[in-house]
Protein chains: 4
Amino acid sequence: MVKVGIINVTGYAGAELARLLAKHPQVKIASVTGRSAVDQPLGEVFPHLAEMGLTIQPHVDDVEMAFSALPHKASAEAIAPLIEKGVRVVDISADFRFKSAEDYPRWYDFHHPAPYLLTEAVYGLTELRRPQVAAARLVANPGCYPTGAILALAPAVKGGLIGGDIIVDSKSGVSGAGRSLSLTTHYCEVNENTQAYALEGHRHLPEIVQELAALNPALSPRVTFVPHLIPMTRGILTTCYAPVAEGVVPINPKGEAEIIEEYRSFYRDEPFVRVVNAPPQTKHTWGNNACLIYPTLDQRTGRLIVISCLDNLVKGAAGQAIQNMNLMLGLPETMGLEALPVCP
Amino acid sequence: MVKVGIINVTGYAGAELARLLAKHPQVKIASVTGRSAVDQPLGEVFPHLAEMGLTIQPHVDDVEMAFSALPHKASAEAIAPLIEKGVRVVDISADFRFKSAEDYPRWYDFHHPAPYLLTEAVYGLTELRRPQVAAARLVANPGCYPTGAILALAPAVKGGLIGGDIIVDSKSGVSGAGRSLSLTTHYCEVNENTQAYALEGHRHLPEIVQELAALNPALSPRVTFVPHLIPMTRGILTTCYAPVAEGVVPINPKGEAEIIEEYRSFYRDEPFVRVVNAPPQTKHTWGNNACLIYPTLDQRTGRLIVISCLDNLVKGAAGQAIQNMNLMLGLPETMGLEALPVCP
Amino acid sequence: MVKVGIINVTGYAGAELARLLAKHPQVKIASVTGRSAVDQPLGEVFPHLAEMGLTIQPHVDDVEMAFSALPHKASAEAIAPLIEKGVRVVDISADFRFKSAEDYPRWYDFHHPAPYLLTEAVYGLTELRRPQVAAARLVANPGCYPTGAILALAPAVKGGLIGGDIIVDSKSGVSGAGRSLSLTTHYCEVNENTQAYALEGHRHLPEIVQELAALNPALSPRVTFVPHLIPMTRGILTTCYAPVAEGVVPINPKGEAEIIEEYRSFYRDEPFVRVVNAPPQTKHTWGNNACLIYPTLDQRTGRLIVISCLDNLVKGAAGQAIQNMNLMLGLPETMGLEALPVCP
Amino acid sequence: MVKVGIINVTGYAGAELARLLAKHPQVKIASVTGRSAVDQPLGEVFPHLAEMGLTIQPHVDDVEMAFSALPHKASAEAIAPLIEKGVRVVDISADFRFKSAEDYPRWYDFHHPAPYLLTEAVYGLTELRRPQVAAARLVANPGCYPTGAILALAPAVKGGLIGGDIIVDSKSGVSGAGRSLSLTTHYCEVNENTQAYALEGHRHLPEIVQELAALNPALSPRVTFVPHLIPMTRGILTTCYAPVAEGVVPINPKGEAEIIEEYRSFYRDEPFVRVVNAPPQTKHTWGNNACLIYPTLDQRTGRLIVISCLDNLVKGAAGQAIQNMNLMLGLPETMGLEALPVCP
């Protein structure tokens with residue numbers, strides 16, 4: 001049993017890590033910490049985790065592997081000394097996702113306290129970086145939106161199927177906004193309501209651009225990304241639009257079949273990414289680590305439309321973190337993540 | 001008092017017509033019909049309308065003006081003889097929206113029973129066709145999605161601000177799917193779930209294309225339209241993306257201000273269309289005839305993003321129908337539509 | 001036009017007062033105040049009220065009638081000087097609902113700053129206190145739960161139909177908890193979830209007991225009241241249970257018919273209370289001032305079951321406050337409250 | 001590996017059986033049947049179960065144990081011949097819950113096709129009938145409402161703590177109504193709405209009465225049961241009210257502590273029933289086999305209030321069926337049911 005710790009278990013991502021790790025057969029949760037609720041039983045904060053019998057502590061202690069679910073900046077500050085001590089870390093925050101330290105003041109409004117770790121940190125979109133993740137001391141777990149958007153676009157970008165004019169329109173449940181209180185997440189303001197937000201530029205945009213560019217250096221992605229808040233707790237559905245690159249496939253049913261085949265081939269043998277035959281529904285990934293992908297060709301306009309969906313707290317956060325942990329520990333990648341989605 | 005009738009009051013659009021007309025000061029609902037529930041009190045089918053004291057009849061009778069909320073094909077069949085008799089009609093169905101009779105077999109799978117009325121019928125997006133609506137015998141009330149999409153794009157299309165590569169990504173509540181039973185509208189299949197649908201081409205797409213083309217004959221709109229079902233009852237939020245036409249405005253904050261000014265000027269004095277300063281929320285139009293519009297310029301990519309929202313049963317159906325009726329009868333356009341949105 | 005003010009317009013009850021008063025034909029909103037957001041346009045806080053063109057002020061000024069939507073204690077402090085100045089007041093808070101000043105420290109944890117007004121204040125459950133309300137300087141608008149519970153039980157209590165062993169099980173939407181932030185109203189904690197609360201004694205219990213006792217001094221009501229939070233924004237459904245008093249009606253269908261007739265007769269001619277023939281739904285009162293009541297006799301056990309429902313922000317708060325205002329001003333009781341429920 | 005079959009997998013209870021059994025370590029799903037969708041892949045009907053790779057068959061075949069998720073009457077007809085052949089069966093329908101064949105025409109409107117099995121069948125509320133379940137050929141899995149109500153009341157009834165005047169007020173999510181189509185489960189009719197139903201007597205009432213009477217022959221339970229539909233997919237919260245029997249415990253905090261202790265002692269060592277310290281939330285059992293119970297004493301009235309909650313598709317149906325199967329097969333009772341609730 002590997003001893004692991006969860007730093008800041010008191011948010012939704014932290015609680016989801018606890019829920020999933022509780023039943024992981026090769027892992028023992030040695031300690032969980034919180035910025036609030038120190039010394040409280042975990043079951044008081046999250047009654048659904050009561051049977052775990054854990055108490056919230058001030059610091060992780062004596063662990064081989066740690067997950068940080070702290071907010072940005074605080075996360076980097078907590079992680080740097082752990083790495084020093086030889087603890088391997090999966091960071092759920094954004095603090096090690098960018099390759100350039102300059103992106104932090106620009107997008108997150110802070111100066112990075114440990115820029116020397118940025119090169120080493122591996123952007124842990126597992127399907128695209130398996131060997132690097134396996135060897136990493138520090139994995140930057142991708143954002144929930146980028147996970148869905150990049151998985152939706154990766155085969156097309158890597159295969160040169162599309163031009164760089166990419167539109168990413170995402171619809172997210174509310175848990176992505178976290179457990180902190182704000183009018184934006186007040187039930188009466190969310191229920192029976194929908195809105196777009198962050199039109200001036202969401203923090204996940206540079207992450208999407210960085211990773212798409214890395215997949216195909218010939219492409220200069222000009223990405224417009226608009227997230228929308230919709231009245232549900234979990235789930236992100238992302239609809240991507242991009243022009244099919246000239247001459248790559250014919251703009252007809254045969255071309256569509258070729259694109260779909262390219263997608264199937266790209267994700268063949270992936271345990272968690274499934275190319276599906278019908279528009280996917282977020283509910284079909286509820287509580288589960290899957291990402292469903294549906295590529296289609298708008299033959300009237302020559303545009304590729306790809307829809308992806310996932311559970312933002314699982315494949316978009318805690319589940320992918322555990323998938324990365326499994327790789328880092330040399331365990332089967334699906335271990336502890338086998339439960340089917342809960343539906344309806 | 002003008003005597004009006006509602007044909008097929010037993011669907012959601014029909015019931016909404018009844019709700020709004022019940023308090024209209026210049027109108028008397030002389031008869032309501034249903035394909036089911038004939039001879040039942042309206043209040044048994046819709047308890048919230050009980051105080052209206054109406055009974056569902058087999059045929060409208062002795063009215064000056066009629067609204068049809070029948071499904072397509074049945075609507076045209078019912079309307080043609082009424083027009084003959086001199087009754088003026090607002091049709092909520094799609095049966096008189098297309099200018100070309102050939103579009104019906106292609107998109108709706110039936111041959112039009114009264115093609116001779118297609119030229120005469122006025123596409124009643126009120127803000128864009130006031131004089132024609134006022135004079136019309138037959139108004140084709142726009143679809144719910146096209147109302148939001150066309151109002152969002154009209155100033156940009158008419159003003160030549162954008163190129164023809166237009167993406168329309170809509171998020172709709174469930175009432176747009178009607179009151180008929182299907183697994184798609186089963187509570188457990190919709191709640192805590194989201195999906196796209198009709199990727200092969202939604203019936204509202206040709207309507208959007210027809211009207212955008214009419215607004216600017218120089219533009220050939222290449223529209224991709226993807227509707228999404230989201231877990232709420234009322235409301236459509238539409239996010240439109242299109243490249244700013246070369247050289248029209250600078251791609252910077254000044255250019256954005258010019259675009260916004262163009263939008264404000266286009267909709268100045270409109271009682272029901274409001275250009276807003278922040279991303280609009282569907283809840284802010286709940287039960288009300290407003291359409292809120294938020295244009296913005298993505299300065300990283302030179303794309304115009306316009307978001308619109310409305311209540312699909314009001315501005316997207318019954319409310320706009322009454323707005324059109326008011327014009328046809330020479331009444332103030334806002335009469336009977338003054339109630340503020342119900343929020344939260 | 002009577003000049004009215006809304007004190008603390010920035011909560012849900014305050015905003016609902018503004019929404020409804022905006023279209024009242026005999027009233028002019030002369031000023032609205034807020035504990036926050038002073039000097040901001042009302043439309044910035046509540047975009048659905050933007051067209052009202054109001055600005056939030058520090059104090060109400062130059063009004064003949066005021067509504068207070070302040071929290072308890074603050075409300076009494078603000079109201080006492082207004083009464084002094086001759087302004088008539090409807091208080092949405094609990095501050096003048098109890099007849100005994102001692103109830104305030106016990107149930108609300110404060111000493112009443114103006115106990116001399118308690119005798120004079122009229123508990124404004126309109127249907128039960130018309131003449132007193134009409135003549136009042138100060139009306140204590142009932143709580144949302146008590147409105148539904150008392151209207152459900154009044155005919156049975158007054159008519160001596162039931163014994164005093166009364167159980168009131170209420171299911172409430174979230175807006176009753178107000179617009180303040182708390183984990184209890186976080187979307188992710190409420191959505192797809194239900195719970196009871198305040199089992200140790202909800203503040204609305206003594207209000208229910210006080211008013212039931214007043215209706216029938218021979219009854220000593222032993223009331224158990226359990227409120228439940230359910231995942232919707234508006235609406236309270238209350239299920240009341242009480243044993244039919246011995247010998248009053250036979251425990252059979254005839255007895256049930258007699259009870260129903262007693263209810264119908266009690267509420268005959270009431271514009272806002274409707275005794276209905278089938279279990280009522282909260283949605284059928286959405287945005288509207290109605291209270292629907294469904295009495296039934298459990299013939300297996302000899303228990304009366306009465307279900308009531310209403311919109312907690314309308315009949316349970318702002319709507320009833322306006323109903324009271326209409327009486328106080330000698331206006332028709334339904335004025336400004338005629339809009340039908342918005343459904344679905 | 002024991003070979004099991006699921007009869008009528010195409011409803012929600014059937015799908016939930018499949019979801020849970022898919023990961024059961026000692027069971028192999030040998031066949032699943034459907035009344036519709038025969039020969040279709042299960043993953044087409046339920047995409048979240050696609051990875052199971054099953055096809056829907058006309059008949060179960062070659063299994064040692066079967067679950068029937070058929071509707072009543074059809075279930076008894078399908079089960080009788082299986083029992084004959086030596087297949088052990090857990091029946092999710094109501095067909096073997098009653099001890100008296102006469103209850104079927106009265107409550108379910110059919111004559112029982114296999115009344116000779118009624119005596120033998122074990123009412124499988126696992127916690128109350130362990131040895132009988134373990135030995136049974138045929139287990140009648142309890143209804144979702146009775147599971148919550150009986151578990152909430154059992155310690156009090158068995159311990160003689162309460163009198164027989166029992167009120168059971170339940171709040172249920174919509175999945176309990178099944179996957180069949182009806183206006184009652186149309187999203188727009190359920191969302192943002194609540195109602196009571198079956199006031200004339202719900203079919204689960206006689207089940208509750210039968211089992212409470214069996215727990216304490218000295219008690220004649222006079223039960224009023226009112227179920228309510230609330231806008232969520234899963235979960236039942238049940239609030240029970242009953243007078244504390246005279247002289248059993250003092251009506252004060254000490255008496256409450258004694259009652260709570262009685263409950264704790266009754267459910268000590270139960271893996272799935274947990275007596276909790278705060279009003280429980282349905283979300284804390286989401287997707288999981290737990291039943292949470294919260295007993296409390298209303299000291300103003302001397303009434304016991306007990307709240308229970310569970311997931312109607314798990315402890316209220318498929319989960320309890322598997323719990324029963326584990327007992328029947330001599331497996332650890334919790335096997336395959338260990339996953340924590342998914343929350344939020």
# chains A, B, ... in the order shown; residues from 1 in each chain; ligands from 1
>>> closest_atom_pairs(of="chain B", to="chain C", cutoff="6 Å", atoms="only C-alpha atoms", output="JSON lines")
{"residue": "B:His48", "atom": "CA", "partner": "C:His284", "partner_atom": "CA", "distance": 4.8}
{"residue": "B:His284", "atom": "CA", "partner": "C:His48", "partner_atom": "CA", "distance": 4.8}
{"residue": "B:Pro341", "atom": "CA", "partner": "C:His48", "partner_atom": "CA", "distance": 6.0}
>>> residues_around(residues="segment 117-132 of chain C", least_positions_apart="5", cutoff="6 Å", atoms="only C-alpha atoms", output="ChimeraX atom specification")
/C:96-97,99,138-141
>>> select_by_dssp(residues="segment 77-250 of chain B", states="strand (DSSP E or B)", output="PyMOL selection string")
chain B and resi 88-91+122-123+138-140+162+165-172+186+195-196+222-229+236-244
>>> residues_around(residues="segment 212-223 of chain C", least_positions_apart="4", cutoff="7 Å", atoms="only C-alpha atoms", output="ChimeraX atom specification")
/C:150,157-158,164-167,208 /D:301
>>> residues_around(residues="Lys3 of chain C", least_positions_apart="2", cutoff="6 Å", atoms="only C-alpha atoms", output="ChimeraX atom specification")
/C:28-30,63-64
>>> write_last_selection(atoms="all heavy atoms", output="PDB file, in the first residue's frame")
ATOM      1  N   LYS C  28     -46.803  54.670  -7.022  1.00  0.00           N
ATOM      2  CA  LYS C  28     -45.540  55.112  -7.598  1.00  0.00           C
ATOM      3  C   LYS C  28     -44.432  54.774  -6.602  1.00  0.00           C
ATOM      4  O   LYS C  28     -44.505  55.172  -5.446  1.00  0.00           O
ATOM      5  CB  LYS C  28     -45.595  56.632  -7.805  1.00  0.00           C
ATOM      6  CG  LYS C  28     -44.359  57.185  -8.490  1.00  0.00           C
ATOM      7  CD  LYS C  28     -44.365  58.692  -8.485  1.00  0.00           C
ATOM      8  CE  LYS C  28     -43.045  59.266  -9.023  1.00  0.00           C
ATOM      9  NZ  LYS C  28     -41.832  58.491  -8.741  1.00  0.00           N
ATOM     10  N   ILE C  29     -43.448  54.037  -7.056  1.00  0.00           N
ATOM     11  CA  ILE C  29     -42.336  53.737  -6.165  1.00  0.00           C
ATOM     12  C   ILE C  29     -41.468  54.981  -6.072  1.00  0.00           C
ATOM     13  O   ILE C  29     -40.756  55.338  -7.013  1.00  0.00           O
ATOM     14  CB  ILE C  29     -41.507  52.547  -6.674  1.00  0.00           C
ATOM     15  CG1 ILE C  29     -42.396  51.300  -6.806  1.00  0.00           C
ATOM     16  CG2 ILE C  29     -40.351  52.254  -5.723  1.00  0.00           C
ATOM     17  CD1 ILE C  29     -41.665  50.054  -7.249  1.00  0.00           C
ATOM     18  N   ALA C  30     -41.555  55.658  -4.940  1.00  0.00           N
ATOM     19  CA  ALA C  30     -40.835  56.917  -4.796  1.00  0.00           C
ATOM     20  C   ALA C  30     -39.392  56.694  -4.389  1.00  0.00           C
ATOM     21  O   ALA C  30     -38.504  57.445  -4.789  1.00  0.00           O
ATOM     22  CB  ALA C  30     -41.539  57.802  -3.766  1.00  0.00           C
ATOM     23  N   VAL C  63     -42.530  59.310   1.481  1.00  0.00           N
ATOM     24  CA  VAL C  63     -43.481  58.294   1.027  1.00  0.00           C
ATOM     25  C   VAL C  63     -44.665  58.251   1.991  1.00  0.00           C
ATOM     26  O   VAL C  63     -44.541  58.633   3.162  1.00  0.00           O
ATOM     27  CB  VAL C  63     -42.831  56.886   0.961  1.00  0.00           C
ATOM     28  CG1 VAL C  63     -41.677  56.877  -0.033  1.00  0.00           C
ATOM     29  CG2 VAL C  63     -42.382  56.425   2.342  1.00  0.00           C
ATOM     30  N   GLU C  64     -45.779  57.772   1.493  1.00  0.00           N
ATOM     31  CA  GLU C  64     -46.967  57.653   2.344  1.00  0.00           C
ATOM     32  C   GLU C  64     -47.057  56.254   2.953  1.00  0.00           C
ATOM     33  O   GLU C  64     -47.683  56.040   3.981  1.00  0.00           O
ATOM     34  CB  GLU C  64     -48.234  57.905   1.515  1.00  0.00           C
ATOM     35  CG  GLU C  64     -48.325  59.330   0.988  1.00  0.00           C
ATOM     36  CD  GLU C  64     -49.256  59.441  -0.200  1.00  0.00           C
ATOM     37  OE1 GLU C  64     -50.465  59.205  -0.033  1.00  0.00           O
ATOM     38  OE2 GLU C  64     -48.761  59.750  -1.320  1.00  0.00           O
TER      39      GLU C  64
END
>>> select_by_dssp(residues="segment 179-299 of chain D", states="helix (DSSP H, G or I)", output="NGL selection string")
:D and (183-185 or 187-190 or 205-215 or 253-267 or 282-285)
>>> write_last_selection(atoms="N, CA and C atoms", output="compact mmCIF listing (two decimals), in the first residue's frame")
# COMPACT_ATOMS: atom_id res chain seq x y z
N LEU D 183 -47.14 12.20 -18.62
CA LEU D 183 -47.03 13.64 -18.41
C LEU D 183 -46.43 13.92 -17.02
N THR D 184 -46.72 13.05 -16.09
CA THR D 184 -46.22 13.20 -14.72
C THR D 184 -44.69 13.24 -14.63
N THR D 185 -44.02 12.63 -15.60
CA THR D 185 -42.56 12.62 -15.53
C THR D 185 -41.94 13.49 -16.63
N TYR D 187 -40.24 16.53 -18.11
CA TYR D 187 -39.36 17.46 -17.42
C TYR D 187 -40.06 18.76 -17.02
N CYS D 188 -40.78 19.35 -17.95
CA CYS D 188 -41.37 20.66 -17.69
C CYS D 188 -42.49 20.62 -16.65
N GLU D 189 -43.02 19.44 -16.42
CA GLU D 189 -44.09 19.30 -15.42
C GLU D 189 -43.51 19.03 -14.03
N VAL D 190 -42.29 18.57 -13.97
CA VAL D 190 -41.67 18.19 -12.70
C VAL D 190 -40.72 19.28 -12.19
N LEU D 205 -48.67 1.53 0.91
CA LEU D 205 -49.23 1.63 2.26
C LEU D 205 -49.46 0.25 2.90
N PRO D 206 -50.15 -0.68 2.24
CA PRO D 206 -50.39 -1.97 2.90
C PRO D 206 -49.09 -2.71 3.22
N GLU D 207 -48.07 -2.49 2.42
CA GLU D 207 -46.77 -3.10 2.68
C GLU D 207 -46.18 -2.56 3.98
N ILE D 208 -46.28 -1.26 4.15
CA ILE D 208 -45.77 -0.65 5.39
C ILE D 208 -46.55 -1.18 6.59
N VAL D 209 -47.86 -1.21 6.47
CA VAL D 209 -48.70 -1.67 7.58
C VAL D 209 -48.41 -3.13 7.91
N GLN D 210 -48.35 -3.98 6.89
CA GLN D 210 -48.09 -5.41 7.10
C GLN D 210 -46.79 -5.63 7.88
N GLU D 211 -45.75 -4.91 7.49
CA GLU D 211 -44.45 -5.15 8.11
C GLU D 211 -44.34 -4.53 9.50
N LEU D 212 -44.96 -3.37 9.71
CA LEU D 212 -44.93 -2.80 11.06
C LEU D 212 -45.71 -3.71 12.02
N ALA D 213 -46.85 -4.19 11.54
CA ALA D 213 -47.64 -5.09 12.39
C ALA D 213 -46.85 -6.34 12.73
N ALA D 214 -46.10 -6.84 11.77
CA ALA D 214 -45.30 -8.04 12.02
C ALA D 214 -44.21 -7.79 13.05
N LEU D 215 -43.73 -6.55 13.12
CA LEU D 215 -42.66 -6.24 14.06
C LEU D 215 -43.16 -6.21 15.50
N PRO D 253 -34.98 16.12 27.19
CA PRO D 253 -33.75 15.74 26.50
C PRO D 253 -33.25 14.36 26.89
N LYS D 254 -33.45 13.98 28.14
CA LYS D 254 -33.03 12.65 28.56
C LYS D 254 -33.81 11.56 27.80
N GLY D 255 -35.09 11.78 27.65
CA GLY D 255 -35.90 10.83 26.90
C GLY D 255 -35.45 10.73 25.45
N GLU D 256 -35.12 11.88 24.88
CA GLU D 256 -34.63 11.86 23.50
C GLU D 256 -33.34 11.05 23.41
N ALA D 257 -32.46 11.25 24.36
CA ALA D 257 -31.20 10.50 24.36
C ALA D 257 -31.46 9.00 24.47
N GLU D 258 -32.43 8.63 25.26
CA GLU D 258 -32.76 7.20 25.38
C GLU D 258 -33.27 6.62 24.06
N ILE D 259 -34.11 7.40 23.43
CA ILE D 259 -34.62 6.94 22.13
C ILE D 259 -33.48 6.77 21.13
N ILE D 260 -32.62 7.78 21.08
CA ILE D 260 -31.49 7.71 20.14
C ILE D 260 -30.63 6.49 20.46
N GLU D 261 -30.41 6.26 21.73
CA GLU D 261 -29.60 5.11 22.12
C GLU D 261 -30.26 3.79 21.67
N GLU D 262 -31.57 3.72 21.83
CA GLU D 262 -32.32 2.55 21.37
C GLU D 262 -32.11 2.33 19.85
N TYR D 263 -32.16 3.41 19.10
CA TYR D 263 -31.93 3.31 17.67
C TYR D 263 -30.51 2.86 17.36
N ARG D 264 -29.56 3.47 18.03
CA ARG D 264 -28.15 3.10 17.78
C ARG D 264 -27.93 1.63 18.09
N SER D 265 -28.51 1.21 19.17
CA SER D 265 -28.32 -0.17 19.57
C SER D 265 -28.99 -1.11 18.56
N PHE D 266 -30.15 -0.74 18.09
CA PHE D 266 -30.88 -1.58 17.13
C PHE D 266 -30.07 -1.77 15.84
N TYR D 267 -29.41 -0.71 15.40
CA TYR D 267 -28.71 -0.78 14.12
C TYR D 267 -27.19 -0.92 14.27
N THR D 282 -30.55 13.37 1.18
CA THR D 282 -30.59 12.27 0.21
C THR D 282 -29.29 12.17 -0.58
N LYS D 283 -28.66 13.31 -0.82
CA LYS D 283 -27.44 13.30 -1.63
C LYS D 283 -26.33 12.47 -0.98
N HIS D 284 -26.41 12.32 0.32
CA HIS D 284 -25.37 11.56 1.02
C HIS D 284 -25.55 10.06 0.88
N THR D 285 -26.55 9.64 0.11
CA THR D 285 -26.72 8.22 -0.20
C THR D 285 -26.74 7.99 -1.71
>>> closest_residue(among="A:Pro81, A:Val89, A:Asp298, A:Val2", to="Glu200 of chain B", atoms="only C-alpha atoms")
A:Asp298
>>> residues_around(residues="Pro295 of chain C", least_positions_apart="2", cutoff="8 Å", atoms="only C-alpha atoms", output="number ranges by chain")
C: 152, 259-260, 263, 275, 293, 297, 304-307
>>> write_last_selection(atoms="all heavy atoms", output="compact mmCIF listing (two decimals), in the first residue's frame")
# COMPACT_ATOMS: atom_id res chain seq x y z
N ALA C 152 -54.36 26.58 5.26
CA ALA C 152 -54.77 25.17 5.11
C ALA C 152 -55.63 24.71 6.28
O ALA C 152 -56.55 23.91 6.12
CB ALA C 152 -53.53 24.28 4.99
N ILE C 259 -66.62 17.99 4.78
CA ILE C 259 -65.42 18.78 5.08
C ILE C 259 -65.08 19.69 3.89
O ILE C 259 -64.80 20.88 4.04
CB ILE C 259 -64.23 17.86 5.40
CG1 ILE C 259 -64.46 17.18 6.76
CG2 ILE C 259 -62.93 18.63 5.40
CD1 ILE C 259 -63.47 16.07 7.08
N ILE C 260 -65.09 19.10 2.71
CA ILE C 260 -64.77 19.89 1.52
C ILE C 260 -65.75 21.05 1.38
O ILE C 260 -65.36 22.19 1.09
CB ILE C 260 -64.76 18.98 0.27
CG1 ILE C 260 -63.58 18.00 0.36
CG2 ILE C 260 -64.67 19.82 -1.00
CD1 ILE C 260 -63.59 16.90 -0.70
N TYR C 263 -64.83 23.80 3.64
CA TYR C 263 -63.70 24.57 3.10
C TYR C 263 -64.16 25.51 1.98
O TYR C 263 -63.77 26.67 1.92
CB TYR C 263 -62.60 23.62 2.61
CG TYR C 263 -61.56 23.32 3.66
CD1 TYR C 263 -61.85 22.45 4.72
CD2 TYR C 263 -60.31 23.92 3.64
CE1 TYR C 263 -60.90 22.18 5.70
CE2 TYR C 263 -59.35 23.66 4.61
CZ TYR C 263 -59.66 22.78 5.65
OH TYR C 263 -58.71 22.55 6.61
N VAL C 275 -60.01 26.48 -3.29
CA VAL C 275 -60.10 25.07 -2.88
C VAL C 275 -60.20 24.25 -4.16
O VAL C 275 -61.08 24.47 -4.99
CB VAL C 275 -61.34 24.85 -1.98
CG1 VAL C 275 -61.44 23.38 -1.58
CG2 VAL C 275 -61.24 25.74 -0.74
N ILE C 293 -55.71 25.10 -2.04
CA ILE C 293 -55.94 24.28 -0.85
C ILE C 293 -56.73 23.03 -1.22
O ILE C 293 -57.73 23.10 -1.94
CB ILE C 293 -56.70 25.10 0.22
CG1 ILE C 293 -55.79 26.24 0.66
CG2 ILE C 293 -57.09 24.22 1.40
CD1 ILE C 293 -56.27 26.99 1.85
N LEU C 297 -59.97 13.50 3.38
CA LEU C 297 -60.14 12.72 4.61
C LEU C 297 -59.55 11.33 4.40
O LEU C 297 -59.94 10.62 3.48
CB LEU C 297 -61.64 12.62 4.93
CG LEU C 297 -62.04 11.74 6.12
CD1 LEU C 297 -61.43 12.26 7.42
CD2 LEU C 297 -63.56 11.67 6.25
N LEU C 304 -57.79 14.14 8.94
CA LEU C 304 -57.88 15.16 7.90
C LEU C 304 -56.47 15.39 7.35
O LEU C 304 -55.52 15.53 8.14
CB LEU C 304 -58.43 16.47 8.49
CG LEU C 304 -58.53 17.64 7.53
CD1 LEU C 304 -59.63 17.44 6.51
CD2 LEU C 304 -58.75 18.95 8.29
N ILE C 305 -56.37 15.40 6.04
CA ILE C 305 -55.10 15.79 5.40
C ILE C 305 -55.42 17.01 4.56
O ILE C 305 -56.34 16.96 3.73
CB ILE C 305 -54.56 14.69 4.47
CG1 ILE C 305 -54.51 13.33 5.19
CG2 ILE C 305 -53.20 15.06 3.91
CD1 ILE C 305 -54.15 12.16 4.25
N VAL C 306 -54.71 18.09 4.78
CA VAL C 306 -54.93 19.28 3.94
C VAL C 306 -53.60 19.69 3.34
O VAL C 306 -52.60 19.83 4.06
CB VAL C 306 -55.49 20.48 4.73
CG1 VAL C 306 -55.96 21.56 3.76
CG2 VAL C 306 -56.62 20.05 5.64
N ILE C 307 -53.61 19.87 2.03
CA ILE C 307 -52.41 20.31 1.34
C ILE C 307 -52.63 21.72 0.84
O ILE C 307 -53.70 22.01 0.27
CB ILE C 307 -52.10 19.37 0.16
CG1 ILE C 307 -51.84 17.97 0.70
CG2 ILE C 307 -50.92 19.88 -0.65
CD1 ILE C 307 -51.72 16.92 -0.37
>>> atom_distance(atom1="atom CA of Arg35 of chain B", atom2="atom CA of Leu82 of chain B")
17.1 Å
>>> atom_distance(atom1="atom CA of Tyr104 of chain A", atom2="atom CA of Ile79 of chain A")
16.3 Å
>>> closest_residue(among="D:Val248, D:Val45, D:Gly148, D:Tyr294", to="Tyr197 of chain C", atoms="only C-alpha atoms")
D:Tyr294
>>> atom_distance(atom1="atom CA of Glu270 of chain D", atom2="atom CA of Gly143 of chain D")
19.9 Å
>>> residues_around(residues="Leu54 of chain D", least_positions_apart="4", cutoff="8 Å", atoms="only C-alpha atoms", output="PyMOL selection string")
chain D and resi 31-32+41-43+50
>>> residues_around(residues="Met325 of chain A", least_positions_apart="4", cutoff="9 Å", atoms="only C-alpha atoms", output="number ranges by chain")
A: 65, 89-90, 133-134, 139, 320-321, 329-331, 333
>>> closest_residue(among="B:Thr147, B:Asn252, B:Val226, B:Gly201", to="Arg106 of chain B", atoms="only C-alpha atoms")
B:Gly201
